[in-house]
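So this block is data_28.cif, mmCIF, C-alpha atoms:
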data_input
loop_
_atom_site.label_atom_id
_atom_site.label_comp_id
_atom_site.auth_asym_id
_atom_site.auth_seq_id
_atom_site.Cartn_x
_atom_site.Cartn_y
_atom_site.Cartn_z
CA MET A 65 46.60 43.50 -0.70
CA GLU A 66 48.10 44.08 -4.16
CA ARG A 67 49.30 40.50 -4.13
CA GLU A 68 45.76 39.29 -3.31
CA ARG A 69 44.27 41.25 -6.22
CA ASN A 70 46.76 39.88 -8.71
CA ARG A 71 46.33 36.28 -7.59
CA VAL A 72 45.10 34.15 -10.48
CA LYS A 73 41.93 32.24 -9.67
CA PRO A 74 42.35 28.49 -10.16
CA ASP A 75 40.78 26.97 -13.21
CA PRO A 76 38.02 24.59 -12.00
CA LEU A 77 38.78 22.28 -14.92
CA ALA A 78 42.47 22.17 -14.14
CA GLY A 79 44.02 19.73 -11.73
CA SER A 80 44.93 16.12 -11.45
CA PRO A 81 43.80 13.54 -14.03
CA ARG A 82 41.59 12.05 -11.30
CA ARG A 83 39.73 15.38 -10.86
CA ILE A 84 39.28 15.77 -14.61
CA TRP A 85 37.99 12.19 -14.82
CA ARG A 86 35.42 12.89 -12.10
CA ILE A 87 34.13 16.01 -13.87
CA THR A 88 33.92 14.15 -17.18
CA ARG A 89 32.11 11.22 -15.56
CA ASN A 90 29.55 13.47 -13.80
CA CYS A 91 28.83 15.35 -17.01
CA ALA A 92 28.34 12.06 -18.83
CA ILE A 93 25.92 10.79 -16.15
CA LEU A 94 23.91 14.02 -16.30
CA ASN A 95 23.77 13.77 -20.09
CA ILE A 96 22.57 10.15 -19.92
CA MET A 97 19.86 11.07 -17.39
CA GLN A 98 18.61 13.89 -19.60
CA ASN A 99 18.64 11.70 -22.70
CA HIS A 100 16.67 8.96 -20.89
CA ARG A 101 13.77 11.21 -19.96
CA LYS A 102 10.68 9.83 -21.61
CA PRO A 103 8.98 12.41 -23.82
CA PHE A 104 5.30 13.13 -23.26
CA GLN A 105 3.07 11.13 -25.58
CA THR A 106 -0.58 11.69 -26.40
CA ALA A 107 -3.20 8.99 -25.91
CA ALA A 108 -3.22 8.36 -29.67
CA GLN A 109 0.58 7.95 -29.71
CA LEU A 110 0.46 5.58 -26.74
CA ILE A 111 -2.11 3.41 -28.49
CA GLN A 112 0.17 3.14 -31.51
CA LYS A 113 3.03 2.25 -29.19
CA MET A 114 0.95 -0.51 -27.58
CA LYS A 115 0.11 -1.92 -31.02
CA THR A 116 3.49 -1.75 -32.68
CA GLU A 117 5.91 -2.21 -29.76
CA LYS A 118 3.92 -4.21 -27.20
CA GLY A 119 1.74 -6.38 -29.42
CA ILE A 120 -1.44 -5.29 -27.59
CA THR A 121 -4.58 -5.74 -29.70
CA PHE A 122 -7.84 -3.80 -29.87
CA ARG A 123 -10.34 -6.50 -30.77
CA HIS A 124 -12.79 -6.04 -27.90
CA ILE A 125 -12.54 -2.27 -27.74
CA SER A 126 -11.86 0.13 -30.59
CA GLU A 127 -8.82 2.37 -30.70
CA SER A 128 -11.02 5.46 -30.48
CA GLU A 129 -12.73 4.07 -27.35
CA ALA A 130 -9.35 3.23 -25.87
CA GLU A 131 -8.13 6.76 -26.61
CA ARG A 132 -11.13 8.26 -24.80
CA TYR A 133 -10.52 5.90 -21.89
CA LEU A 134 -6.90 7.07 -21.54
CA LEU A 135 -8.01 10.70 -21.79
CA ASP A 136 -11.01 10.67 -19.45
CA ILE A 137 -10.91 7.59 -17.19
CA ASN A 138 -7.40 6.31 -16.50
CA ASN A 139 -3.83 7.09 -17.52
CA TYR A 140 -1.48 4.88 -19.51
CA LEU A 141 0.90 4.12 -16.63
CA ARG A 142 -1.81 2.61 -14.45
CA THR A 143 -3.68 0.85 -17.26
CA ALA A 144 -0.56 -0.67 -18.79
CA SER A 145 0.79 -1.82 -15.42
CA TYR A 146 -1.45 -4.92 -15.55
CA ARG A 147 0.45 -6.22 -18.57
CA LYS A 148 2.93 -7.79 -16.13
CA ASN A 149 0.37 -10.58 -15.69
CA TYR A 150 0.88 -11.65 -19.31
CA PRO A 151 3.78 -13.57 -20.85
CA LYS A 152 5.84 -12.39 -23.80
CA TYR A 153 7.05 -14.15 -26.91
CA LEU A 154 10.64 -15.22 -26.29
CA ASN A 155 11.77 -15.46 -29.92
CA GLY A 156 10.66 -15.08 -33.49
CA SER A 157 9.19 -12.05 -35.23
CA LYS A 158 7.01 -11.27 -32.21
CA LYS A 159 9.82 -11.46 -29.66
CA ASP A 160 9.25 -9.25 -26.56
CA THR A 161 5.62 -8.56 -27.44
CA TYR A 162 2.76 -9.81 -25.27
CA ILE A 163 0.93 -13.04 -25.96
CA ARG A 164 -2.85 -12.71 -26.45
CA LEU A 165 -3.18 -9.39 -24.65
CA ASP A 166 -6.01 -7.07 -25.62
CA PHE A 167 -6.53 -3.54 -24.33
CA ALA A 168 -9.95 -4.58 -23.00
CA TYR A 169 -8.22 -7.07 -20.67
CA LEU A 170 -6.09 -4.29 -19.17
CA LYS A 171 -9.15 -2.09 -18.78
CA GLU A 172 -11.08 -4.87 -17.04
CA LEU A 173 -8.21 -5.67 -14.67
CA SER A 174 -8.00 -2.00 -13.74
CA THR A 175 -11.75 -1.95 -13.02
CA LEU A 176 -11.58 -5.14 -10.95
CA ASP A 177 -8.68 -3.68 -8.98
CA PHE A 178 -10.78 -0.58 -8.26
CA HIS A 179 -13.62 -2.67 -6.83
CA PHE A 180 -11.16 -4.86 -4.93
CA ARG A 181 -9.52 -1.86 -3.25
CA ARG A 182 -12.88 -0.44 -2.17
CA ALA A 183 -14.00 -3.71 -0.58
CA VAL A 184 -10.67 -4.43 1.05
CA VAL A 185 -10.07 -1.00 2.56
CA GLN A 186 -13.39 -1.19 4.40
CA MET A 187 -12.35 -4.52 5.89
CA CYS A 188 -9.10 -2.88 7.02
CA PHE A 189 -11.08 -0.07 8.68
CA ASP A 190 -13.20 -2.67 10.48
CA ILE A 191 -10.06 -4.36 11.82
CA GLU A 192 -8.60 -1.04 12.95
CA HIS A 193 -11.82 -0.21 14.80
CA ASP A 194 -12.09 -3.54 16.56
CA ILE A 195 -8.50 -3.79 17.78
CA LYS A 196 -9.09 -0.42 19.48
CA ILE A 197 -12.32 -1.68 21.03
CA THR A 198 -10.57 -4.83 22.28
CA MET A 199 -7.91 -2.80 24.09
CA LEU A 200 -10.50 -0.49 25.65
CA LYS A 201 -12.54 -3.47 26.76
CA TYR A 202 -9.50 -4.90 28.54
CA ILE A 203 -8.97 -1.57 30.35
CA GLU A 204 -12.59 -1.47 31.45
CA GLN A 205 -12.37 -4.98 32.83
CA THR A 206 -8.95 -4.44 34.46
CA PRO A 207 -9.10 -1.43 36.81
CA ALA A 208 -5.41 -1.77 37.67
CA VAL A 209 -4.46 -0.69 34.14
CA ASP A 210 -4.20 3.11 33.81
CA SER A 211 -5.06 4.22 30.27
CA TYR A 212 -3.43 7.64 30.87
CA LYS A 213 -0.20 5.99 31.98
CA ILE A 214 -0.24 3.71 28.93
CA VAL A 215 -0.29 6.75 26.64
CA GLU A 216 2.32 8.68 28.62
CA ASP A 217 4.75 5.76 28.71
CA PHE A 218 4.21 4.98 25.04
CA ILE A 219 5.06 8.54 23.97
CA THR A 220 8.06 8.65 26.33
CA ASN A 221 9.40 5.41 24.86
CA ASN A 222 8.70 6.56 21.27
CA PRO A 223 9.74 10.24 21.03
CA TYR A 224 9.16 10.30 17.29
CA ILE A 225 5.44 10.04 18.07
CA LEU A 226 5.62 13.38 19.87
CA LYS A 227 7.09 15.06 16.79
CA LYS A 228 4.30 13.65 14.64
CA LEU A 229 1.68 14.84 17.09
CA GLU A 230 3.20 18.33 17.21
CA ALA A 231 2.97 18.51 13.41
CA THR A 232 -0.79 17.88 13.52
CA VAL A 233 -1.81 19.97 16.54
CA TYR A 234 -4.06 22.18 14.44
CA ALA A 235 -5.43 19.53 12.08
CA PRO A 236 -9.08 20.43 11.29
CA PHE A 237 -10.80 17.43 12.86
CA THR A 238 -8.60 16.84 15.90
CA ALA A 239 -7.40 20.31 17.00
CA ASP A 240 -9.99 20.46 19.78
CA LEU A 241 -8.68 17.19 21.25
CA PHE A 242 -5.11 18.49 21.32
CA GLN A 243 -6.20 21.68 23.06
CA LYS A 244 -8.16 19.75 25.67
CA TYR A 245 -5.82 16.87 26.47
CA PHE A 246 -2.30 18.24 25.80
CA THR A 247 -0.32 21.27 26.92
CA VAL A 248 0.65 22.95 23.65
CA GLN A 249 2.92 25.96 23.21
CA THR A 250 3.27 27.83 19.90
CA SER A 251 6.27 30.01 19.07
CA VAL A 252 7.85 31.58 15.99
CA ASN A 253 11.03 30.01 14.68
CA PRO A 254 13.52 32.91 14.28
CA ASN A 255 15.17 31.23 11.28
CA THR A 256 12.12 30.19 9.26
CA HIS A 257 9.69 32.80 10.70
CA ARG A 258 7.07 30.08 10.91
CA ASN A 259 4.93 28.99 13.81
CA GLU A 260 6.14 25.85 15.56
CA ASN A 261 4.13 23.79 18.01
CA ARG A 262 5.60 22.13 21.05
CA ILE A 263 3.77 19.71 23.33
CA ASP A 264 5.06 20.33 26.85
CA ALA A 265 2.88 17.81 28.67
CA TYR A 266 1.11 14.65 27.56
CA ASP A 267 0.16 12.97 30.83
CA ASP A 268 -3.53 13.90 30.66
CA CYS A 269 -4.57 12.03 27.49
CA PRO A 270 -6.53 8.76 27.87
CA LEU A 271 -6.14 5.89 25.46
CA TRP A 272 -9.53 6.36 23.78
CA VAL A 273 -8.60 9.94 22.85
CA PHE A 274 -5.10 8.99 21.75
CA PHE A 275 -6.58 6.50 19.28
CA GLU A 276 -8.10 9.42 17.37
CA LEU A 277 -4.77 11.18 16.93
CA ILE A 278 -2.44 8.51 15.55
CA THR A 279 -1.96 6.74 12.24
CA PHE A 280 -2.66 3.06 11.68
CA GLY A 281 1.08 2.36 11.63
CA ASP A 282 1.51 4.05 15.01
CA LEU A 283 -1.56 2.22 16.29
CA LEU A 284 0.23 -1.06 15.58
CA LYS A 285 3.24 0.15 17.57
CA LEU A 286 0.88 1.05 20.41
CA TYR A 287 -0.83 -2.33 20.04
CA GLN A 288 2.49 -4.11 20.57
CA PHE A 289 3.38 -1.82 23.49
CA PHE A 290 -0.03 -2.30 25.10
CA TYR A 291 0.07 -6.09 25.16
CA HIS A 292 3.72 -6.13 26.25
CA THR A 293 2.96 -3.71 29.10
CA THR A 294 -0.14 -5.56 30.26
CA GLN A 295 1.63 -8.91 29.80
CA THR A 296 -1.32 -10.36 27.94
CA ARG A 297 -1.54 -12.18 24.64
CA PRO A 298 -2.72 -10.10 21.66
CA PRO A 299 -5.58 -11.39 19.47
CA VAL A 300 -3.23 -11.62 16.48
CA SER A 301 0.49 -11.07 16.02
CA GLU A 302 1.93 -7.74 14.97
CA LYS A 303 3.54 -9.50 11.99
CA LEU A 304 0.10 -10.33 10.59
CA LEU A 305 -1.20 -6.84 11.30
CA ASN A 306 1.76 -5.42 9.38
CA LEU A 307 0.62 -7.39 6.33
CA VAL A 308 -2.85 -5.89 6.81
CA LYS A 309 -1.24 -2.45 7.11
CA SER A 310 0.63 -2.97 3.85
CA LEU A 311 -2.61 -3.81 2.04
CA ARG A 312 -4.47 -0.95 3.73
CA ASN A 313 -1.81 1.56 2.70
CA ALA A 314 -1.82 0.29 -0.87
CA CYS A 315 -5.60 0.75 -1.01
CA ALA A 316 -5.44 4.18 0.62
CA HIS A 317 -2.81 5.34 -1.87
CA ASN A 318 -4.81 3.87 -4.75
CA ASN A 319 -1.96 1.60 -5.83
CA CYS A 320 -2.48 -0.98 -8.57
CA ILE A 321 -2.60 -4.02 -6.29
CA LEU A 322 -3.43 -6.61 -8.97
CA ALA A 323 -0.77 -5.36 -11.39
CA ASN A 324 1.63 -8.21 -10.66
CA MET A 325 0.14 -11.54 -9.59
CA LYS A 326 3.25 -13.64 -10.09
CA HIS A 327 4.50 -16.03 -7.40
CA GLY A 328 7.71 -16.17 -5.42
CA THR A 329 7.66 -12.59 -4.14
CA SER A 330 6.96 -13.22 -0.42
CA SER A 331 7.58 -15.57 2.47
CA VAL A 332 4.54 -16.95 4.26
CA PRO A 333 3.95 -16.73 8.04
CA PRO A 334 3.32 -20.22 9.46
CA GLU A 335 0.00 -19.13 10.96
CA ILE A 336 -1.37 -18.21 7.53
CA SER A 337 -0.05 -21.39 5.93
CA GLN A 338 -1.77 -23.44 8.65
CA TYR A 339 -5.01 -21.51 8.18
CA VAL A 340 -5.10 -22.31 4.45
CA ALA A 341 -4.03 -25.92 5.09
CA ARG A 342 -7.37 -26.49 6.83
CA ILE A 343 -9.21 -25.91 3.53
CA GLN A 344 -9.43 -29.37 2.00
CA THR A 345 -10.10 -28.15 -1.56
CA ILE A 346 -6.66 -26.51 -1.66
CA SER A 347 -3.70 -28.82 -2.20
CA THR A 348 -0.37 -28.47 -0.44
CA ALA A 349 1.34 -27.54 -3.71
CA GLN A 350 -1.23 -24.84 -4.42
CA ARG A 351 -0.92 -23.42 -0.92
CA GLN A 352 2.87 -23.33 -1.00
CA LYS A 353 2.94 -21.66 -4.40
CA LYS A 354 0.01 -19.24 -4.34
CA LEU A 355 0.70 -17.74 -0.94
CA THR A 356 4.07 -16.49 -2.17
CA CYS A 357 2.21 -14.03 -4.40
CA ARG A 358 2.23 -10.80 -2.36
CA PRO A 359 -1.30 -9.56 -3.13
CA ILE A 360 -2.74 -13.01 -2.40
CA LEU A 361 -0.75 -13.35 0.83
CA GLU A 362 -1.90 -9.95 2.08
CA PHE A 363 -5.52 -10.62 1.16
CA VAL A 364 -5.59 -14.06 2.81
CA THR A 365 -3.98 -12.54 5.91
CA LEU A 366 -6.64 -9.84 5.88
CA VAL A 367 -9.39 -12.48 5.79
CA TYR A 368 -7.76 -14.45 8.62
CA VAL A 369 -7.35 -11.38 10.85
CA TYR A 370 -10.85 -10.18 9.95
CA LYS A 371 -12.34 -13.43 11.19
CA LYS A 372 -10.34 -13.33 14.42
CA VAL A 373 -10.74 -9.68 15.33
CA VAL A 374 -13.94 -8.18 13.89
CA SER A 375 -17.29 -8.57 15.63
CA SER A 376 -19.81 -10.96 14.06
CA ASN A 377 -22.34 -8.29 13.05
CA ILE A 378 -19.75 -6.26 11.14
CA GLN A 379 -18.24 -9.45 9.70
CA THR A 380 -21.53 -10.43 8.11
CA HIS A 381 -21.70 -7.20 6.11
CA GLY A 382 -18.03 -7.23 5.07
CA ILE A 383 -18.05 -10.87 4.03
CA LYS A 384 -21.23 -10.37 2.00
CA LYS A 385 -19.54 -7.60 0.01
CA ILE A 386 -16.35 -9.55 -0.66
CA LYS A 387 -18.29 -12.64 -1.77
CA ALA A 388 -20.41 -10.57 -4.14
CA LEU A 389 -17.21 -9.15 -5.61
CA PHE A 390 -15.55 -12.53 -6.21
CA PHE A 391 -18.60 -14.54 -7.26
CA THR A 392 -20.38 -11.89 -9.34
CA ARG A 393 -18.31 -8.91 -10.49
CA PHE A 394 -15.07 -10.82 -11.02
CA LEU A 395 -16.90 -13.23 -13.34
CA LYS A 396 -18.67 -10.59 -15.45
CA ASN A 397 -16.03 -10.75 -18.22
CA TRP A 398 -14.42 -14.07 -17.36
CA ARG A 399 -13.90 -14.91 -21.04
CA TYR A 400 -11.24 -12.19 -21.23
CA PHE A 401 -8.95 -14.31 -19.08
CA ILE A 402 -9.73 -17.78 -20.40
CA SER A 403 -6.24 -18.13 -21.91
CA ASN A 404 -4.32 -16.65 -18.97
CA ASP A 405 -3.32 -19.55 -16.71
CA LEU A 406 -1.75 -17.28 -14.09
CA LEU A 407 -4.87 -15.21 -13.51
CA LYS A 408 -7.22 -18.19 -13.74
CA SER A 409 -5.32 -20.28 -11.20
CA ASN A 410 -4.92 -17.32 -8.83
CA TYR A 411 -8.64 -16.60 -9.01
CA ARG A 412 -9.56 -20.22 -8.30
CA PHE A 413 -7.25 -20.29 -5.29
CA VAL A 414 -8.61 -17.09 -3.77
CA ARG A 415 -12.17 -18.18 -4.59
CA GLU A 416 -11.70 -21.19 -2.30
CA ILE A 417 -10.47 -18.88 0.48
CA VAL A 418 -13.52 -16.64 0.08
CA LYS A 419 -15.87 -19.65 -0.03
CA HIS A 420 -14.67 -20.75 3.39
CA ILE A 421 -14.83 -17.40 5.17
#

Now that the file is in, can you turn its structure into structure tokens?
Amino acid sequence: MERERNRVKPDPLAGSPRRIWRITRNCAILNIMQNHRKPFQTAAQLIQKMKTEKGITFRHISESEAERYLLDINNYLRTASYRKNYPKYLNGSKKDTYIRLDFAYLKELSTLDFHFRRAVVQMCFDIEHDIKITMLKYIEQTPAVDSYKIVEDFITNNPYILKKLEATVYAPFTADLFQKYFTVQTSVNPNTHRNENRIDAYDDCPLWVFFELITFGDLLKLYQFFYHTTQTRPPVSEKLLNLVKSLRNACAHNNCILANMKHGTSSVPPEISQYVARIQTISTAQRQKKLTCRPILEFVTLVYVYKKVVSSNIQTHGIKKIKALFFTRFLKNWRYFISNDLLKSNYRFVREIVKHI
């Protein structure tokens, strides 16, 4: 015992050169990370930064108006994100500053993106609704297909779904469905002292109820499972629906979809390329180039799926809204973008798509 008390504790900094090198390196990395934290800047400071460092002008909107905008309407990160659509000077005294970029242009792009998200997300909801209706219609017309068995087999083959369902058993708007169609047990976890829900049985839930309990992403997994199980051809491929899901999620999370409209960021499914090829006012070169822009690809895919899946009555309303957006609101301040070839050419391409819906 005496020997244990007198034992000298090892110095954590002592040891092999390799150990010392690791400690030194980790300290250096931590120091770099701390030094690279961007300090908070006020709206007024950010405006000065845009002027002096980014070359952004304030000809169409005053600096005081821009400051109020950044304080009350939108933050700098989101507003400035649209600058990626503008080129920079490559050399000279203005090197690395933006060419002919005014704050009003950023503000307008942010506003257009807002309207675009609102119109697009409704189209996504329409698609989600109608792919559910299509599956239910097939069940009604095919008595041999058991909707309860479809749900049971899907959950059994995708156990992660069960975990997600258990986490939402007492969600405000669906708790009654869980209590009615599932066998749910609640117990206290001895380690966390929190209630945990466990679904013991899930063989009494029909497909039309299950639809109300799952996310759009899980619906697409069910969609694939459904058509594989019934050995029938789906209205559209899961690959195209995944592009719709990507756009839907971006809208739902309020992402800045139009912040980067450059080309070469995506590969194009043949079905979408063929769809656009049927529009005679769009050249092959335009089609091959413009569809590699991710926002354009996802929007064109949305339009294609919308036309194939959504009922005609709902289509009429959705198409009317999207045409009003592109042919009226998008042109309200068209002079802002007269010198931006990227945005002009992208708009003209998508305009042709919308014309032919």

Legend entry - Two-atom distance - atom CA of A:Asn318, atom CA of A:Thr392 (Å): 22.6 Å

Inset, instruction - Return the single residue from A:Ile195, A:Val340, A:Met325, A:Ile214 that is closest to A:Pro359, with distances computed using all atoms listed in the file. - result: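 Closest to A:Pro359, using all atoms listed in the file: A:Met325.
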
Inset, instruction - Translate the PyMOL selection byres ((chain A and resi 330) around 9), as applied to the file shown, into an explicit residue set as a list of chain:residue names. - result: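 For this structure, the PyMOL selection byres ((chain A and resi 330) around 9) resolves to A:His327, A:Gly328, A:Thr329, A:Ser331, A:Val332, A:Leu355, A:Thr356, A:Cys357, A:Arg358, A:Leu361.
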
Which protein, DNA or RNA residues have an atom at most 12 Å from (-7.2, -11.9, 8.9), counting all atoms listed in the file? List them as a short mmCIF file (atom, residue, chain, number, x, y, z; two decimals) with C-alpha atoms, keeping the file's coordinate frame.
data_model
loop_
_atom_site.label_atom_id
_atom_site.label_comp_id
_atom_site.auth_asym_id
_atom_site.auth_seq_id
_atom_site.Cartn_x
_atom_site.Cartn_y
_atom_site.Cartn_z
CA VAL A 184 -10.67 -4.43 1.05
CA MET A 187 -12.35 -4.52 5.89
CA CYS A 188 -9.10 -2.88 7.02
CA ASP A 190 -13.20 -2.67 10.48
CA ILE A 191 -10.06 -4.36 11.82
CA GLU A 192 -8.60 -1.04 12.95
CA PRO A 299 -5.58 -11.39 19.47
CA VAL A 300 -3.23 -11.62 16.48
CA SER A 301 0.49 -11.07 16.02
CA GLU A 302 1.93 -7.74 14.97
CA LYS A 303 3.54 -9.50 11.99
CA LEU A 304 0.10 -10.33 10.59
CA LEU A 305 -1.20 -6.84 11.30
CA ASN A 306 1.76 -5.42 9.38
CA LEU A 307 0.62 -7.39 6.33
CA VAL A 308 -2.85 -5.89 6.81
CA LYS A 309 -1.24 -2.45 7.11
CA LEU A 311 -2.61 -3.81 2.04
CA GLU A 335 0.00 -19.13 10.96
CA ILE A 336 -1.37 -18.21 7.53
CA TYR A 339 -5.01 -21.51 8.18
CA VAL A 340 -5.10 -22.31 4.45
CA LEU A 361 -0.75 -13.35 0.83
CA GLU A 362 -1.90 -9.95 2.08
CA PHE A 363 -5.52 -10.62 1.16
CA VAL A 364 -5.59 -14.06 2.81
CA THR A 365 -3.98 -12.54 5.91
CA LEU A 366 -6.64 -9.84 5.88
CA VAL A 367 -9.39 -12.48 5.79
CA TYR A 368 -7.76 -14.45 8.62
CA VAL A 369 -7.35 -11.38 10.85
CA TYR A 370 -10.85 -10.18 9.95
CA LYS A 371 -12.34 -13.43 11.19
CA LYS A 372 -10.34 -13.33 14.42
CA VAL A 373 -10.74 -9.68 15.33
CA VAL A 374 -13.94 -8.18 13.89
CA GLN A 379 -18.24 -9.45 9.70
CA ILE A 383 -18.05 -10.87 4.03
CA ILE A 417 -10.47 -18.88 0.48
CA VAL A 418 -13.52 -16.64 0.08
CA ILE A 421 -14.83 -17.40 5.17
#

Legend entry - A:Thr293 environment, 10 Å, only C-alpha atoms, sequence neighbours closer than 2 positions dropped, as a ChimeraX atom specification: /A:209,214,217-218,287-291,295-296

Legend entry - Residues returned when the PyMOL selection byres ((chain A and resi 257-269) around 10) runs on this file, as a PyMOL selection string: chain A and resi 211-217+219-220+226-227+229-234+241-242+244-256+270-274

Legend entry - Best match for closeness to A:Arg181 among A:Phe401, A:Leu322, A:Ser337, A:Asn410, counting only C-alpha atoms: A:Leu322

Inset, instruction - Could you jot down the atom CA of A:Arg142 to atom CA of A:Ala323 separation for me, Å, one decimal place? - result: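 These atoms are spaced 8.6 Å apart.
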
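Taking atom CA of A:Tyr153 and atom CA of A:Ala168 as endpoints, the distance between them is 19.9 Å.
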
Inset, instruction - Rank nothing, just name the residue among A:Thr121, A:Gln344, A:Ser128, A:Thr143 nearest to A:Glu172, using only C-alpha atoms. - result: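 Between A:Thr121, A:Gln344, A:Ser128, A:Thr143, the residue approaching A:Glu172 most closely is A:Thr143.
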
Legend entry - Residue nearest A:Asn138 among A:Leu154, A:Cys320, A:Leu407, A:Ala208 (counting only C-alpha atoms): A:Cys320

I'd like to see the residues matched by the PyMOL selection byres ((chain A and resi 117-119) around 8) on this file, and ideally I'd get them as an mmCIF file with C-alpha atoms, keeping the file's coordinate frame.
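Full text of expr-v9.cif as output:
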data_model
loop_
_atom_site.group_PDB
_atom_site.id
_atom_site.type_symbol
_atom_site.label_atom_id
_atom_site.label_comp_id
_atom_site.auth_asym_id
_atom_site.auth_seq_id
_atom_site.Cartn_x
_atom_site.Cartn_y
_atom_site.Cartn_z
ATOM 1 C CA LYS A 113 3.030 2.250 -29.190
ATOM 2 C CA MET A 114 0.950 -0.510 -27.580
ATOM 3 C CA LYS A 115 0.110 -1.920 -31.020
ATOM 4 C CA THR A 116 3.490 -1.750 -32.680
ATOM 5 C CA ILE A 120 -1.440 -5.290 -27.590
ATOM 6 C CA THR A 121 -4.580 -5.740 -29.700
ATOM 7 C CA LYS A 158 7.010 -11.270 -32.210
ATOM 8 C CA ASP A 160 9.250 -9.250 -26.560
ATOM 9 C CA THR A 161 5.620 -8.560 -27.440
ATOM 10 C CA TYR A 162 2.760 -9.810 -25.270
ATOM 11 C CA ILE A 163 0.930 -13.040 -25.960
ATOM 12 C CA LEU A 165 -3.180 -9.390 -24.650
#

Inset, instruction - Using all atoms listed in the file, pick whichever of A:Arg415, A:Lys408, A:Lys353, A:His179 has the shortest atom-to-atom distance to A:Phe390. - result: A:Arg415

Legend entry - Residue contacts of A:Phe180 (10 Å, only C-alpha atoms) excluding same-chain residues fewer than 6 positions away, as a ChimeraX atom specification: /A:174,315,321-322,386,389-390,393-394

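Closest to A:Tyr400 among A:His124, A:Arg101, A:Arg342, A:Lys354 is A:His124, based on all atoms listed in the file.
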